[in-house]
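Here's the structure we're looking at; comments come further down.
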Amino acid sequence: MLSTEQDSRYNHLERMSTSELLHGINDEDRVVTDAVKRAIPQIEALVDGIVERMKRGGRVFYTGAGTSGRLGVVDASEIPPTYGVKDKFIGLIAGGDGAIRTAVEGAEDDAARGWKDIQAFRPTAEDTVVGIAASGTTPYVLGAIEGARGAGLLTGCITCNECAPVALAAQCPIVAVVGPEFVTGSTRMKAGTATKLILNMISTSVMIRLGHVQGSKMVDMQLSNAKLVDRGTRMIMEATGMDDYSAARALLLKYGNVRDAISAFEHKAANATV
């Protein structure tokens, strides 16, 4: 039996107090970070492969169903505002965008649709497909991986079961074995948490490796709200010594982004010393 489907280590949950439930869930969550840590060499291999291909114009397609699909969509959707990079991480979920809010019955069982959904984006050999499936058996995800591999794309996966079909199908499998869930089979819990952590690691590491972070700052972020404008202003102040008015003016009226504002200041400073 898949470890994600094994019976919970706990029983008679309905008889537990709120405190007992919360402590039990928390105790189970503690195993997640260790499981992810053990998978770091696998994550590293996939990140390096993605970076190599993205430098040549490649993209990353996350594909999954249910919770796994939603997590992929969320991670992909956060790349443009965070790093100013559009259309490089694409999240696909079985059943289409409507399935983000409402389950689409039977969508995850359509193996052919997994690859068809990716083909709509005209994939090339420089692209990467990352199949996300806690169980590791989802036909929609398997179809996407098999189709992508056959077309020469790099393939990876995130799963929480050893020897899962998706792990055997992908070139760069990531396997984080978190064990049985607190509520038997509810993989939105530990498996979902592990998946989110791994997605964070993949996309963040790729963006850093591709130069979208300086120091520890998101210098290419989109200025889409007041909070981010304030953050960008503070970045410029810290990097250049400008006062807040001058930094905000440089950001909003002259350069439009943090990177260019800092680069212009450094260029002027370098010329002034010549």
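Scheme for the structure tokens: letters A, B, ... for chains in order shown; per-chain residue numbers from 1; ligand numbers from 1 in order shown.
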*Please provide the set of residues having any atom within 7 Å of stretch 59-68 of chain A, restricted to only C-alpha atoms, with same-chain residues fewer than 3 positions apart removed, written as JSON, numbers by chain.*
{"A": [54, 71, 72, 88, 89, 90, 91, 92, 93, 94, 103, 108, 127, 128, 129, 130, 131, 132, 133, 134, 141, 188, 192]}
*asked:* Set the distance at 9 Å and use only C-alpha atoms: which residues neighbour A:Leu223 once local chain neighbours fewer than 2 positions away are removed? I'd like the list as a count of residues only.
replied: 11
_A:Ser186 surroundings by only C-alpha atoms, 12 Å radius, close-in-sequence under 2 positions cut, as a list of chain:residue names_ =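 The contact residues come out as A:Ser3, A:Thr4, A:Glu5, A:Gln6, A:Asp7, A:Ser8, A:Ile25, A:Gly66, A:Thr67, A:Ala134, A:Ser135, A:Gly179, A:Pro180, A:Glu181, A:Phe182, A:Val183, A:Thr184, A:Arg188, A:Met189, A:Lys190, A:Ala191, A:Gly192, A:Thr193.
Nearest to A:Ile202 of all the residues A:His23, A:Asp230, A:Glu162, A:Ile174 is A:Ile174, based on only C-alpha atoms.
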For A:Val74, please output as a compact mmCIF listing (two decimals) with N, CA and C atoms, in the first residue's frame all residues within 10 Å (counting only C-alpha atoms; exclusion window: fewer than 3 positions along the same chain).
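Below is the file that was written, around_27.txt:
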# COMPACT_ATOMS: atom_id res chain seq x y z
N GLY A 69 -2.23 20.05 -8.01
CA GLY A 69 -2.35 20.99 -9.12
C GLY A 69 -2.48 22.42 -8.63
N ARG A 70 -3.27 22.62 -7.59
CA ARG A 70 -3.46 23.97 -7.04
C ARG A 70 -2.16 24.54 -6.52
N LEU A 71 -1.37 23.72 -5.85
CA LEU A 71 -0.09 24.19 -5.33
C LEU A 71 0.84 24.61 -6.46
N SER A 77 2.04 31.27 -10.28
CA SER A 77 1.42 32.59 -10.36
C SER A 77 2.15 33.63 -9.54
N GLU A 78 2.98 33.19 -8.60
CA GLU A 78 3.70 34.14 -7.75
C GLU A 78 5.04 34.56 -8.33
N ILE A 79 5.48 33.94 -9.41
CA ILE A 79 6.78 34.29 -9.99
C ILE A 79 6.78 35.68 -10.63
N ILE A 90 4.63 27.95 -15.59
CA ILE A 90 3.23 27.82 -16.01
C ILE A 90 2.60 26.67 -15.23
N GLY A 91 1.54 26.97 -14.51
CA GLY A 91 0.86 25.95 -13.71
C GLY A 91 -0.38 25.42 -14.41
N ILE A 100 -9.42 24.94 -9.99
CA ILE A 100 -8.70 25.56 -8.87
C ILE A 100 -9.65 25.76 -7.69
N LYS A 196 4.55 22.00 -1.10
CA LYS A 196 4.71 23.45 -1.08
C LYS A 196 6.14 23.84 -0.77
N LEU A 199 8.29 23.12 -3.88
CA LEU A 199 8.03 24.11 -4.93
C LEU A 199 8.71 25.43 -4.60
*Using DSSP on the backbone coordinates, identify all residues within stretch 44-148 of chain A classified as strand (DSSP E or B); present the result as a list in words.*
Val60, Phe61, Tyr62, Thr63, Gly64, Phe89, Ile90, Gly91, Leu92, Ile93, Thr128, Val129, Val130, Gly131 and Ile132 of chain A
So that I have them on file, write out the residues from the current selection with C-alpha atoms, as an mmCIF file, in the first residue's frame.
data_model
loop_
_atom_site.group_PDB
_atom_site.id
_atom_site.type_symbol
_atom_site.label_atom_id
_atom_site.label_comp_id
_atom_site.auth_asym_id
_atom_site.auth_seq_id
_atom_site.Cartn_x
_atom_site.Cartn_y
_atom_site.Cartn_z
ATOM 1 C CA VAL A 60 8.784 25.169 -16.497
ATOM 2 C CA PHE A 61 5.365 23.525 -16.608
ATOM 3 C CA TYR A 62 3.910 22.364 -13.316
ATOM 4 C CA THR A 63 1.153 19.814 -13.836
ATOM 5 C CA GLY A 64 -1.069 18.186 -11.250
ATOM 6 C CA PHE A 89 6.601 29.120 -14.851
ATOM 7 C CA ILE A 90 3.230 27.818 -16.010
ATOM 8 C CA GLY A 91 0.857 25.952 -13.712
ATOM 9 C CA LEU A 92 -1.623 23.476 -15.186
ATOM 10 C CA ILE A 93 -4.333 21.647 -13.273
ATOM 11 C CA THR A 128 10.810 21.224 -18.284
ATOM 12 C CA VAL A 129 7.707 19.443 -17.033
ATOM 13 C CA VAL A 130 7.366 18.866 -13.297
ATOM 14 C CA GLY A 131 4.583 16.443 -12.446
ATOM 15 C CA ILE A 132 3.113 16.929 -8.974
#
_Just list as a ChimeraX atom specification whatever in stretch 154-259 of chain A DSSP marks as alpha helix (DSSP H)._
/A:165-169,190-209,226-240,244-249,258-259
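Going from atom CA of A:Val177 to atom CA of A:Glu20 covers 24.4 Å.
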_Surrounding residues of stretch 39-43 of chain A excluding itself and chain neighbours under 4 positions, 8 Å, only C-alpha atoms, as a list in words_ = Ala35, Val47, Cys172, Pro173, Ile174, Val175, Ala176, Ile198, Met201 and Ile202 of chain A
